[in-house]
Every structure is written in structure tokens, then in C-alpha cells.
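Raw entry.txt, compact mmCIF, C-alpha atoms and all ligand atoms:
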```txt
# COMPACT_ATOMS: atom_id res chain seq x y z
CA MET Q 2 78.36 123.27 86.63
CA VAL Q 3 79.81 120.53 88.83
CA ALA Q 4 83.49 119.88 88.06
CA LYS Q 5 84.23 116.45 86.60
CA ARG Q 6 86.00 114.33 89.17
CA ARG Q 7 89.38 113.14 87.95
CA VAL Q 8 90.91 109.78 88.78
CA LEU Q 9 94.36 108.58 87.80
CA LEU Q 10 94.25 104.78 87.74
CA ILE Q 11 97.57 103.00 88.14
CA VAL Q 12 97.33 99.39 87.00
CA SER Q 13 100.08 97.08 88.19
CA GLY Q 14 100.89 93.56 87.05
CA GLY Q 15 98.38 91.29 88.72
CA ILE Q 16 95.99 88.76 87.31
CA ALA Q 17 93.08 90.97 88.45
CA ALA Q 18 94.09 93.76 86.03
CA TYR Q 19 91.29 92.72 83.65
CA LYS Q 20 88.70 93.66 86.30
CA CYS Q 21 89.86 97.26 86.06
CA LEU Q 22 88.57 97.46 82.49
CA ASP Q 23 85.10 97.14 83.99
CA LEU Q 24 86.10 99.66 86.67
CA VAL Q 25 87.07 102.40 84.20
CA ARG Q 26 83.92 101.79 82.15
CA ARG Q 27 81.73 102.20 85.22
CA LEU Q 28 83.68 105.23 86.45
CA GLY Q 29 83.10 106.81 83.03
CA GLU Q 30 79.37 106.17 83.37
CA ARG Q 31 79.45 107.97 86.71
CA GLY Q 32 81.01 111.05 85.18
CA PHE Q 33 84.61 110.50 86.23
CA ALA Q 34 87.43 111.52 83.90
CA VAL Q 35 89.88 108.63 84.10
CA ARG Q 36 93.51 108.56 83.01
CA THR Q 37 95.48 105.34 83.15
CA VAL Q 38 99.11 104.57 83.93
CA MET Q 39 100.23 100.97 83.46
CA THR Q 40 103.35 99.23 84.74
CA LYS Q 41 105.37 97.10 82.34
CA ALA Q 42 104.08 93.97 84.12
CA ALA Q 43 100.47 95.19 83.80
CA GLU Q 44 100.90 95.34 80.02
CA ARG Q 45 101.51 91.59 80.09
CA PHE Q 46 97.99 91.06 81.43
CA VAL Q 47 95.89 93.73 79.64
CA THR Q 48 96.74 95.95 76.70
CA PRO Q 49 97.00 99.74 76.94
CA LEU Q 50 94.74 99.74 73.90
CA SER Q 51 91.83 98.39 75.95
CA PHE Q 52 92.19 101.05 78.66
CA GLY Q 53 92.71 103.71 75.98
CA ALA Q 54 89.50 102.73 74.20
CA LEU Q 55 87.45 102.64 77.39
CA THR Q 56 88.76 105.91 78.84
CA ASN Q 57 89.03 107.75 75.55
CA GLU Q 58 92.42 108.93 76.73
CA ARG Q 59 96.00 108.12 75.97
CA VAL Q 60 97.43 105.50 78.35
CA PHE Q 61 100.76 106.32 79.98
CA THR Q 62 103.39 103.64 80.41
CA ASP Q 63 106.88 105.08 80.10
CA LEU Q 64 108.71 107.45 82.42
CA PHE Q 65 111.24 108.31 79.73
CA ASP Q 66 108.81 108.98 76.91
CA LEU Q 67 110.06 112.36 75.69
CA ASP Q 68 106.71 113.54 74.39
CA GLU Q 69 105.12 112.77 77.69
CA GLU Q 70 107.84 114.64 79.51
CA ARG Q 71 107.36 117.67 77.27
CA GLU Q 72 103.59 117.64 77.15
CA ILE Q 73 102.45 116.23 80.38
CA GLY Q 74 105.23 114.56 82.40
CA HIS Q 75 104.96 112.50 85.53
CA ILE Q 76 104.66 115.54 87.79
CA ARG Q 77 101.60 116.80 85.94
CA LEU Q 78 100.09 113.33 85.88
CA ALA Q 79 100.57 113.22 89.65
CA ARG Q 80 98.92 116.59 90.23
CA ASP Q 81 96.22 116.90 87.56
CA THR Q 82 93.87 114.56 89.35
CA ASP Q 83 91.64 114.46 92.41
CA LEU Q 84 92.58 110.93 93.42
CA ILE Q 85 95.11 108.27 92.47
CA VAL Q 86 93.89 104.68 92.56
CA VAL Q 87 96.32 101.77 92.42
CA ALA Q 88 94.29 98.76 91.29
CA PRO Q 89 95.17 96.00 91.25
CA ALA Q 90 98.09 96.79 93.55
CA THR Q 91 100.73 94.06 93.44
CA ALA Q 92 102.89 93.12 96.41
CA ASP Q 93 105.71 94.62 94.35
CA ILE Q 94 104.22 98.08 93.85
CA ILE Q 95 103.16 98.22 97.50
CA ALA Q 96 106.77 97.44 98.50
CA LYS Q 97 108.10 100.11 96.14
CA MET Q 98 105.67 102.69 97.48
CA ALA Q 99 106.62 101.87 101.07
CA GLY Q 100 110.28 102.22 100.15
CA GLY Q 101 109.81 105.50 98.27
CA HIS Q 102 111.04 104.09 94.93
CA ALA Q 103 110.55 105.99 91.69
CA ASN Q 104 112.15 103.83 88.99
CA ASP Q 105 109.19 103.65 86.62
CA LEU Q 106 106.31 105.94 85.67
CA ALA Q 107 103.83 104.47 88.18
CA THR Q 108 106.10 104.79 91.20
CA ALA Q 109 107.47 108.20 90.12
CA VAL Q 110 103.89 109.50 89.90
CA LEU Q 111 103.05 108.04 93.32
CA LEU Q 112 106.09 109.67 94.88
CA ALA Q 113 105.39 113.04 93.25
CA THR Q 114 101.73 113.36 94.15
CA ASP Q 115 100.12 115.47 96.83
CA LYS Q 116 96.66 113.97 96.16
CA PRO Q 117 94.91 111.21 98.12
CA VAL Q 118 96.01 107.72 97.09
CA LEU Q 119 93.76 104.66 97.30
CA VAL Q 120 95.39 101.22 97.08
CA ALA Q 121 93.41 98.08 96.21
CA PRO Q 122 95.74 95.14 96.81
CA ALA Q 123 95.36 91.87 94.90
CA MET Q 124 97.70 88.97 95.36
CA ASN Q 125 98.09 85.40 96.49
CA PRO Q 126 97.03 85.03 100.17
CA ARG Q 127 100.54 84.00 101.19
CA MET Q 128 102.02 87.05 99.53
CA TRP Q 129 99.47 89.20 101.38
CA ALA Q 130 100.12 87.49 104.73
CA ASN Q 131 103.89 87.69 104.32
CA PRO Q 132 105.39 89.84 107.10
CA ALA Q 133 107.19 91.96 104.49
CA THR Q 134 103.90 92.87 102.77
CA GLN Q 135 102.17 93.50 106.08
CA ARG Q 136 105.06 95.72 107.17
CA ASN Q 137 104.80 97.69 103.93
CA VAL Q 138 101.04 98.10 104.30
CA ARG Q 139 101.45 99.36 107.87
CA GLN Q 140 104.03 101.86 106.64
CA LEU Q 141 101.75 103.10 103.88
CA ARG Q 142 98.78 103.44 106.22
CA ALA Q 143 100.97 105.48 108.58
CA ASP Q 144 101.91 107.62 105.55
CA GLY Q 145 98.23 108.43 105.01
CA ILE Q 146 97.60 106.04 102.09
CA HIS Q 147 94.03 104.68 101.94
CA PHE Q 148 93.31 101.00 101.40
CA VAL Q 149 90.29 99.10 100.17
CA GLY Q 150 90.43 95.33 100.59
CA PRO Q 151 91.80 92.85 99.87
CA ALA Q 152 88.76 90.61 100.03
CA SER Q 153 88.65 86.96 101.04
CA GLY Q 154 87.56 84.04 98.89
CA GLU Q 155 88.64 81.83 96.00
CA MET Q 156 91.77 82.97 94.19
CA ALA Q 157 92.52 82.83 90.46
CA GLU Q 158 94.94 79.98 91.15
CA ARG Q 159 92.79 76.89 91.35
CA GLY Q 160 92.35 75.43 94.81
CA GLU Q 161 93.71 78.54 96.57
CA ALA Q 162 91.52 80.50 98.93
CA GLY Q 163 92.14 83.16 101.56
CA THR Q 164 92.60 86.92 101.83
CA GLY Q 165 94.15 88.58 98.81
CA ARG Q 166 91.44 89.06 96.18
CA LEU Q 167 90.83 92.46 94.62
CA VAL Q 168 87.60 93.84 96.10
CA GLU Q 169 84.62 93.73 93.75
CA VAL Q 170 84.23 96.70 91.42
CA PRO Q 171 81.19 98.24 93.23
CA GLU Q 172 83.15 98.33 96.50
CA LEU Q 173 86.08 99.91 94.70
CA ILE Q 174 83.78 102.54 93.20
CA GLU Q 175 82.28 103.28 96.61
CA ALA Q 176 85.75 103.93 98.05
CA ILE Q 177 86.65 106.10 95.03
CA GLU Q 178 83.42 108.10 95.34
CA ARG Q 179 84.30 108.86 98.94
CA LEU Q 180 87.83 110.01 98.29
CA ALA Q 181 87.61 111.73 94.91
CA MET Q 182 86.65 115.22 95.88
CA PRO Q 183 87.53 117.88 93.30
CA GLU Q 184 89.38 120.84 94.78
CA SER Q 185 86.57 123.14 93.70
CA ALA Q 186 84.04 120.92 95.50
CA ALA Q 187 86.18 120.79 98.62
CA GLN Q 188 86.09 124.57 98.66
CA SER Q 189 82.33 124.58 98.40
CA GLY Q 190 81.96 121.15 100.07
CA ALA Q 191 79.29 120.22 102.54
CA LEU Q 192 81.41 121.45 105.46
CA ALA Q 193 82.98 124.46 103.71
CA GLY Q 194 83.13 127.45 106.04
CA ARG Q 195 82.81 125.25 109.13
CA HIS Q 196 85.45 124.80 111.79
CA VAL Q 197 85.65 121.23 113.07
CA LEU Q 198 87.61 120.54 116.25
CA ILE Q 199 88.62 116.92 116.78
CA THR Q 200 90.52 115.17 119.56
CA ALA Q 201 92.23 111.84 118.98
CA GLY Q 202 94.57 109.32 120.56
CA PRO Q 203 95.37 108.54 124.17
CA THR Q 204 96.82 110.83 126.79
CA HIS Q 205 99.92 109.97 128.78
CA GLU Q 206 99.93 110.90 132.44
CA PRO Q 207 103.40 110.99 134.00
CA ILE Q 208 104.28 108.87 137.02
CA ASP Q 209 107.86 110.10 137.05
CA PRO Q 210 110.13 111.47 134.28
CA VAL Q 211 110.34 108.04 132.56
CA ARG Q 212 107.03 106.28 133.33
CA TYR Q 213 103.45 107.12 132.54
CA ILE Q 214 99.84 105.89 132.65
CA ALA Q 215 98.44 105.32 129.15
CA ASN Q 216 95.81 103.36 127.23
CA ARG Q 217 95.72 101.43 123.96
CA SER Q 218 94.05 104.08 121.79
CA SER Q 219 95.80 104.35 118.40
CA GLY Q 220 94.14 107.59 117.31
CA LYS Q 221 93.17 106.03 113.94
CA GLN Q 222 89.45 106.76 114.20
CA GLY Q 223 89.97 110.41 115.14
CA TYR Q 224 92.56 110.91 112.39
CA GLU Q 225 90.20 109.41 109.82
CA ILE Q 226 87.44 111.77 110.97
CA ALA Q 227 89.81 114.71 110.62
CA ALA Q 228 90.72 113.61 107.08
CA ALA Q 229 87.07 113.10 106.13
CA ALA Q 230 86.01 116.51 107.49
CA ALA Q 231 88.85 118.22 105.61
CA GLN Q 232 87.74 116.46 102.44
CA LEU Q 233 84.30 117.99 102.85
CA GLY Q 234 85.93 121.40 102.91
CA ALA Q 235 85.99 122.07 106.67
CA ARG Q 236 88.77 123.89 108.46
CA VAL Q 237 89.94 121.17 110.80
CA THR Q 238 91.88 121.42 114.05
CA LEU Q 239 93.07 118.06 115.33
CA VAL Q 240 94.28 117.93 118.92
CA SER Q 241 96.20 114.70 119.16
CA GLY Q 242 97.63 112.72 122.05
CA PRO Q 243 100.83 110.74 121.52
CA VAL Q 244 100.35 108.49 118.44
CA THR Q 245 102.52 107.32 115.57
CA LEU Q 246 100.17 108.49 112.80
CA THR Q 247 100.94 111.10 110.15
CA PRO Q 248 98.56 114.08 110.31
CA PRO Q 249 96.10 114.15 107.40
CA PRO Q 250 96.87 116.75 104.71
CA GLY Q 251 95.31 120.15 105.20
CA VAL Q 252 94.57 119.59 108.89
CA GLU Q 253 96.05 121.79 111.62
CA THR Q 254 97.42 119.27 114.11
CA ILE Q 255 98.32 120.20 117.67
CA ARG Q 256 100.21 117.53 119.57
CA VAL Q 257 99.75 117.21 123.31
CA VAL Q 258 100.67 114.64 125.93
CA THR Q 259 98.46 114.95 129.03
CA ALA Q 260 94.73 115.49 129.54
CA ALA Q 261 95.42 118.93 131.00
CA GLU Q 262 97.38 119.90 127.87
CA MET Q 263 94.60 118.52 125.68
CA LEU Q 264 91.98 120.63 127.46
CA GLU Q 265 94.15 123.72 127.12
CA ALA Q 266 94.69 123.12 123.37
CA VAL Q 267 90.96 122.46 122.85
CA SER Q 268 90.00 125.65 124.72
CA LYS Q 269 92.45 127.68 122.62
CA ALA Q 270 91.10 126.18 119.38
CA LEU Q 271 87.51 127.30 120.11
CA PRO Q 272 85.25 128.63 118.71
CA ALA Q 273 84.30 125.71 116.48
CA ASP Q 274 81.06 124.75 114.79
CA ILE Q 275 81.51 121.07 115.53
CA GLY Q 276 83.43 119.28 118.26
CA VAL Q 277 84.24 115.59 117.85
CA PHE Q 278 85.84 114.14 120.97
CA ALA Q 279 87.35 110.83 119.90
CA ALA Q 280 90.39 110.91 122.20
CA ALA Q 281 90.70 108.30 124.93
CA VAL Q 282 91.52 110.79 127.66
CA ALA Q 283 92.93 109.19 130.81
CA ASP Q 284 90.38 109.51 133.60
CA TRP Q 285 93.05 109.82 136.24
CA ARG Q 286 96.53 111.18 136.65
CA LEU Q 287 98.97 110.94 139.52
CA ALA Q 288 98.05 113.55 142.13
CA GLN Q 289 101.76 114.31 142.44
CA PRO Q 290 104.05 112.91 139.75
CA LYS Q 291 107.55 112.33 141.09
CA PRO Q 292 110.18 114.77 139.81
CA GLU Q 293 112.88 112.02 139.83
CA LYS Q 294 112.80 108.42 138.62
CA ILE Q 295 111.37 106.23 141.37
CA LYS Q 296 114.00 103.75 142.53
CA LYS Q 297 113.27 100.12 143.23
CA SER Q 298 114.34 99.53 146.80
CA ALA Q 299 115.81 96.08 147.48
CA GLY Q 300 113.25 94.04 149.40
CA GLY Q 301 111.14 97.17 149.83
CA ALA Q 302 107.43 97.46 149.26
CA ALA Q 303 106.08 98.42 145.84
CA PRO Q 304 105.18 102.13 145.70
CA THR Q 305 101.56 103.23 145.96
CA PHE Q 306 100.19 106.26 144.18
CA LYS Q 307 97.36 108.62 144.90
CA LEU Q 308 95.36 109.38 141.77
CA ALA Q 309 93.52 112.59 141.00
CA GLU Q 310 90.66 112.95 138.53
CA ASN Q 311 91.53 114.49 135.16
CA PRO Q 312 89.45 117.28 133.63
CA ASP Q 313 86.47 115.98 131.65
CA ILE Q 314 87.15 117.63 128.29
CA LEU Q 315 83.89 116.57 126.63
CA ARG Q 316 81.72 117.81 129.51
CA THR Q 317 83.76 121.00 129.94
CA VAL Q 318 83.21 121.99 126.30
CA ALA Q 319 79.61 120.74 126.12
CA THR Q 320 78.57 122.81 129.14
CA ARG Q 321 80.37 126.03 128.18
CA GLN Q 322 78.21 129.12 128.45
CA THR Q 323 79.93 130.77 125.51
CA ASP Q 324 81.52 129.27 122.42
CA ARG Q 325 79.77 125.91 122.75
CA PRO Q 326 80.03 124.21 119.33
CA THR Q 327 76.66 123.80 117.60
CA LEU Q 328 77.14 120.04 117.51
CA ILE Q 329 79.12 118.04 120.03
CA VAL Q 330 79.92 114.41 119.30
CA GLY Q 331 81.47 112.32 122.07
CA PHE Q 332 82.90 108.82 121.85
CA ALA Q 333 82.17 106.08 124.36
CA ALA Q 334 84.61 103.19 124.40
CA GLU Q 335 83.17 100.49 126.63
CA THR Q 336 83.83 96.84 127.35
CA GLU Q 337 80.34 95.95 128.66
CA ASP Q 338 76.80 97.35 128.49
CA VAL Q 339 77.96 99.55 125.63
CA LEU Q 340 74.60 101.11 124.78
CA ALA Q 341 73.47 101.64 128.38
CA HIS Q 342 76.72 103.46 129.16
CA ALA Q 343 76.52 105.48 125.96
CA LYS Q 344 72.94 106.65 126.68
CA LYS Q 345 73.99 107.66 130.17
CA LYS Q 346 77.01 109.49 128.80
CA LEU Q 347 74.87 111.41 126.31
CA LYS Q 348 72.94 112.96 129.20
CA SER Q 349 75.65 113.28 131.84
CA LYS Q 350 78.15 114.95 129.49
CA GLY Q 351 75.73 117.25 127.70
CA ALA Q 352 76.80 115.89 124.30
CA ASP Q 353 74.47 115.93 121.29
CA TRP Q 354 75.58 112.59 119.89
CA ILE Q 355 77.60 109.70 121.26
CA VAL Q 356 79.44 107.26 119.01
CA ALA Q 357 79.65 104.10 121.08
CA ASN Q 358 81.88 101.13 120.45
CA ASP Q 359 82.83 97.93 122.20
CA VAL Q 360 86.57 97.94 122.79
CA SER Q 361 86.83 94.55 124.51
CA PRO Q 362 90.15 92.96 123.44
CA GLU Q 363 88.38 90.28 121.37
CA THR Q 364 86.82 92.95 119.09
CA GLY Q 365 90.27 94.10 117.93
CA ILE Q 366 88.87 97.64 117.60
CA MET Q 367 91.45 99.38 119.76
CA GLY Q 368 94.45 99.77 117.49
CA GLY Q 369 92.70 97.93 114.61
CA ASP Q 370 91.52 99.29 111.27
CA HIS Q 371 87.82 98.43 111.63
CA ASN Q 372 85.10 99.57 113.94
CA THR Q 373 81.53 98.62 114.81
CA VAL Q 374 79.75 101.66 116.20
CA HIS Q 375 76.33 102.72 117.42
CA LEU Q 376 75.27 106.32 116.93
CA VAL Q 377 73.31 107.37 120.01
CA THR Q 378 71.28 110.58 119.75
CA ALA Q 379 68.20 111.96 121.49
CA ALA Q 380 66.18 110.40 118.65
CA GLY Q 381 67.43 106.86 119.34
CA VAL Q 382 70.18 104.42 118.46
CA GLU Q 383 71.52 103.56 115.02
CA ASN Q 384 73.56 100.37 114.76
CA TRP Q 385 76.15 100.70 111.99
CA PRO Q 386 77.66 97.58 110.41
CA ASN Q 387 81.31 96.68 110.89
CA MET Q 388 83.25 99.05 108.64
CA SER Q 389 86.77 100.32 108.17
CA LYS Q 390 87.53 103.30 110.39
CA CYS Q 391 87.81 105.31 107.17
CA ASP Q 392 84.22 104.38 106.24
CA VAL Q 393 82.94 105.12 109.75
CA ALA Q 394 84.58 108.55 109.50
CA ALA Q 395 83.09 109.28 106.08
CA ARG Q 396 79.60 108.30 107.22
CA LEU Q 397 79.88 110.29 110.42
CA VAL Q 398 81.00 113.51 108.75
CA GLU Q 399 78.28 113.14 106.12
CA ARG Q 400 75.72 112.83 108.94
CA ILE Q 401 77.23 115.89 110.63
CA ALA Q 402 77.01 117.88 107.39
CA GLN Q 403 73.36 116.85 106.88
CA HIS Q 404 72.52 117.75 110.46
CA LEU Q 405 74.07 121.21 110.18
CA ASP Q 406 72.33 121.72 106.88
CA GLN Q 407 69.01 121.20 108.63
CA LEU Q 408 69.96 123.89 111.14
CA ARG Q 409 70.50 126.55 108.50
CA PRO Q 410 71.10 129.51 108.17
CA LYS Q 411 74.82 128.81 107.96
CA ARG Q 412 76.94 130.26 110.69
CA THR Q 413 80.71 130.18 110.64
CA ALA Q 414 82.79 130.12 113.77
CA ALA Q 415 84.64 133.21 112.57
CA GLU Q 416 81.47 135.31 112.35
C1 LIG C 501 100.60 84.89 85.87
C2 LIG C 501 101.06 85.86 86.91
C3 LIG C 501 100.17 86.39 87.78
C4 LIG C 501 100.57 87.31 88.77
N1 LIG C 501 99.65 87.80 89.63
C5 LIG C 501 100.05 88.63 90.62
C6 LIG C 501 99.10 89.16 91.53
O1 LIG C 501 97.90 88.89 91.46
N2 LIG C 501 99.54 89.96 92.52
C7 LIG C 501 100.86 90.29 92.65
O2 LIG C 501 101.19 90.99 93.61
N3 LIG C 501 101.77 89.83 91.78
C8 LIG C 501 101.41 89.01 90.78
N4 LIG C 501 102.35 88.55 89.89
C9 LIG C 501 103.74 88.97 90.03
C10 LIG C 501 103.94 90.38 89.47
O3 LIG C 501 103.50 90.43 88.12
C11 LIG C 501 105.41 90.77 89.56
O4 LIG C 501 105.76 90.91 90.93
C12 LIG C 501 105.73 92.06 88.83
O5 LIG C 501 107.10 92.36 88.97
C13 LIG C 501 104.90 93.22 89.31
O6 LIG C 501 105.32 94.41 88.69
P1 LIG C 501 104.58 95.79 88.95
O7 LIG C 501 104.36 95.88 90.42
O8 LIG C 501 105.56 96.80 88.44
O9 LIG C 501 103.35 95.78 88.15
C14 LIG C 501 101.95 87.65 88.89
C15 LIG C 501 102.86 87.13 87.95
C16 LIG C 501 102.43 86.25 86.98
C17 LIG C 501 103.45 85.70 86.02
```

Structure re-expressed in C-alpha cells:
Amino acid sequence: MVAKRRVLLIVSGGIAAYKCLDLVRRLGERGFAVRTVMTKAAERFVTPLSFGALTNERVFTDLFDLDEEREIGHIRLARDTDLIVVAPATADIIAKMAGGHANDLATAVLLATDKPVLVAPAMNPRMWANPATQRNVRQLRADGIHFVGPASGEMAERGEAGTGRLVEVPELIEAIERLAMPESAAQSGALAGRHVLITAGPTHEPIDPVRYIANRSSGKQGYEIAAAAAQLGARVTLVSGPVTLTPPPGVETIRVVTAAEMLEAVSKALPADIGVFAAAVADWRLAQPKPEKIKKSAGGAAPTFKLAENPDILRTVATRQTDRPTLIVGFAAETEDVLAHAKKKLKSKGADWIVANDVSPETGIMGGDHNTVHLVTAAGVENWPNMSKCDVAARLVERIAQHLDQLRPKRTAAE
């Protein structure tokens, strides 16, 4: 029997709280077991009675409710679930989460959990655009919190429009479906027993002890793929260049700096069933980095450097005689002729699939949270719509799982 997926819904005090009544009803129809926690402000908008009736469960509101502490308590609420959803998420609760507050039941649960957390913000566009809110959201993303929305459009306040609306319930359900993976399912998930090796981020190539050659890769796409593969039950090794992201839970993360170090870490991590090479590896390094800081000489000429080619990690792994992963997915970040370059790369590197994207500055993809990709395989090109990097990752790992399924019988890298 498939385990019922459990969602803990935290409702905070926004005008959109009423929409979450529809959300819990629809989650119930889809076989989710939903528990609800409400903030004091949320109770001003919707009654606990309504959520209680729709979920068939007691609604939790008070951190200091003795019965709750004895019977269930905030720690158990935080752990006895597969996913926590904060919807609608007010500017206030987002700020508290970013600051690590725990002065009511909702925030105490959020601080005590080790489960994935999905936040669906809903607020006035100016509150959303405020630098304080944006700073808090960046912090939470770096902490591994997932976001869906906010959407753009008319606000509840008449005459106001902009970004800040709670996403529509179907979009919220889609995000929940993706993240709510029961532990038992993760163990027998679509990638259970598989070893997935992923590279992410840039590499830094030293010029001297204080300067280096780098690129603008943030590592977000690779980190999302690592998280998505782990959620499908894979053993995941993430070899990461220098980034500011927090490693996803349950993923073995090896931090490196240069392309040479990345290749060494990748080689050590083999064998793997799947290799996803999302890192933006520097093509060149200094042939001879200077051991001391290069001094600016008064009136002197600017220094010139001789570059040497870096190892091609994707091609090295894809052309290995032994231990070649069953499926090798490369990334092609291009600024022109994206598809032509990607098709060429598929052949020249010996990869099975190439995920191509246009990283021209105007796309905002490098460093941003969204991506528009094309999946290039021997069978042709699939153009995917613009999606969050989280959604791209989920779709990619699902495709990987389907592909491996077609290649049964299952083989594990350890065998
Ligand atoms: C009528 C009304 C509507 C509100 N709507 C929102 C909202 O949509 N988003 C938001 O962030 N805050 C909204 N607020 C402000 C929050 O309710 C307030 O910041 C509260 O302290 C949030 O508490 P909580 O985060 O603990 O739920 C609204 C307040 C009122 C009076």
C-alpha cells in the first residue's frame, strides 16, 4: 500500500488565507493527510473550525497549549510530516523565518523541522518589493527553503496590481506534489539504489594568491538537481565549485575550487549510474599562476598571461573505458546559436543528453531563479517553457528516472 503523503500547512495572517480552505479540500481529494497550524493573525481571517472541518483533524494554534505539548508538541508536529507548506506566507512570517525566530507555534515548528519547507508568499506588491522582504527571501532560499510564487496581477486592495498575489491553488498543489515525498517512497523512489553524480557552480582559477579567473555561475540549477535526485531516493554526490548555497539535505557535497580539483573529485566519486555535469567549468587557467601577489609597477605595462586549457570533465567522463555512467547529461550555456552549439556538444563530448540554455545577460538566467532550457538528445530537441530552476530540476530527474526504467534490469553502481 502506498503511504499517505503528509502535509503540515501553516496559515499566516494574510487576506489570501481563505484560498487555503480550497487548498486543503483539494489536497484531501488527492489523498494527502493535512494538518493545519494557524498563527494568531490567521485566525482573524479564517476560523480554525473551517480548517478543522475540511481536514478532519484538530487545528493547532498555541505553542503553550499543555495538552498539545503532552500529546503532540511542536517538535512532533515539525517531524511527523513529509512537507511543511506556509501558505499564505506573510511578510512577517518570512522575516521571522529568516531571523530564526520561534515565538509562536508556527515559527517554533518551522525552526524545529528537518523536512522540506515550501513557502507561498502573499502580500501587497510594495511589501514584496521592499528590500527587507527581498533580503529575507534570499536568505531563506540560501537556507534551502523552496518558494512558489508570488504571482502577478490584481491585488485584493482595489486598484492595486503587481507581484505579490498567492499563486493559484493548482500551481500550489503542483509544487506540493513535487516536494511531498514520503520517507518510505524516497527509499523505494524512482531513483532508489542509483548513484547520481552532479557537478555545479563555477570554478576559480588562480592568477596569484589573491586573484582568480571566474564566471557568473551561481550553482543554483545544479543544487536543485541534486535536491530533486535525492528526493527520488538516489544516493547523490554533488561536486561543487565555490558558491554561497547551502547543500541540499541528504546529499554528499564535496567542495572544490579549480577545474583540476573538480575532475579529481568527480573521478574519485565514480562509479555512478548517472552523471549530470551542470558546473560552469572554466575553459582556461593560467599556465603558471604566480606564487606571490603581482605588483602594479608605476607607469609599467599591464601584465600579460599565458593561458592553458583546462581538463574537459564532461568529455573525460563520457569517454571513459570503464566506469562510464549509464546516462551522461551535460549542460551547454551559450549566448548565441544555443541549439546549434548544443547539438555539436552532444556529439563532440560523447554525452547522452545536453541541457542547453541561453545565458545572455538579458535572460537573467545566470544567477537567477528561473531557466528556459532545451533538452537535446539523439532523438531530437525538446523546448521546455520558462520554469523555476526547481521545476527544471524536478522535470529533468523525472525524465532521467523514466529513461533508466526503460533500460531495465536495474543495475546499481555498487554491484
Ligand atoms: C486586512 C489585513 C490584511 C492583511 N493582509 C496581509 C497580506 O496579504 N500579507 C501580509 O504579509 N500581511 C498582511 N497583513 C498584515 C499581517 O496580518 C500582519 O503582519 C501580522 O502580524 C502577520 O502575522 P503572522 O505572520 O504571525 O500571521 C494584513 C493585515 C490586515 C489587517

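When only C-alpha atoms and all ligand atoms are used to compute distances to ligand LIG 501 (chain C), the closest of the residues Q:Val8, Q:Cys21, Q:Leu167, Q:Met263 turns out to be Q:Leu167.
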
Per residue of chain Q within 6 Å of ligand LIG 501 (chain C), note the shortest atom pair and the distance in Å to one decimal, counting only C-alpha atoms and all ligand atoms, and order the rows by chain and increasing residue number, as a Markdown table.
```
| residue | atom | partner | partner_atom | distance |
| --- | --- | --- | --- | --- |
| Q:Ser13 | CA | C:LIG501 | O9 | 3.5 |
| Q:Gly14 | CA | C:LIG501 | O9 | 3.5 |
| Q:Gly15 | CA | C:LIG501 | C6 | 3.6 |
| Q:Ile16 | CA | C:LIG501 | N1 | 4.4 |
| Q:Thr40 | CA | C:LIG501 | O9 | 4.9 |
| Q:Ala42 | CA | C:LIG501 | O9 | 4.5 |
| Q:Ala43 | CA | C:LIG501 | O9 | 5.3 |
| Q:Thr91 | CA | C:LIG501 | O2 | 3.1 |
| Q:Ala92 | CA | C:LIG501 | O2 | 3.9 |
| Q:Asp93 | CA | C:LIG501 | O7 | 4.3 |
| Q:Ile94 | CA | C:LIG501 | O7 | 4.1 |
| Q:Ala123 | CA | C:LIG501 | N2 | 5.2 |
| Q:Met124 | CA | C:LIG501 | N2 | 3.5 |
```

Pick from Q:Arg139, Q:His342, Q:Arg325, Q:Lys307, whichever lies nearest to Gly369 in chain Q using only C-alpha atoms
Q:Arg139

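For the choices Q:Leu119, Q:Val356, Q:Val211, Q:Leu408, the atom-to-atom distance to Ile295 in chain Q is smallest for Q:Val211 when using all atoms listed in the file.
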
Would you pick out the contacts of Val60 in chain Q at 6 Å or less, using all atoms listed in the file, so that residues sharing its chain but fewer than 6 positions from it are not included, and give the list as a PyMOL selection string?
chain Q and resi 37-38+49+53

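Between His75 in chain Q and the candidates Q:Met128, Q:Val267, Q:Val25, Q:Leu9, the tightest atom-to-atom separation, counting all atoms listed in the file, involves Q:Leu9.
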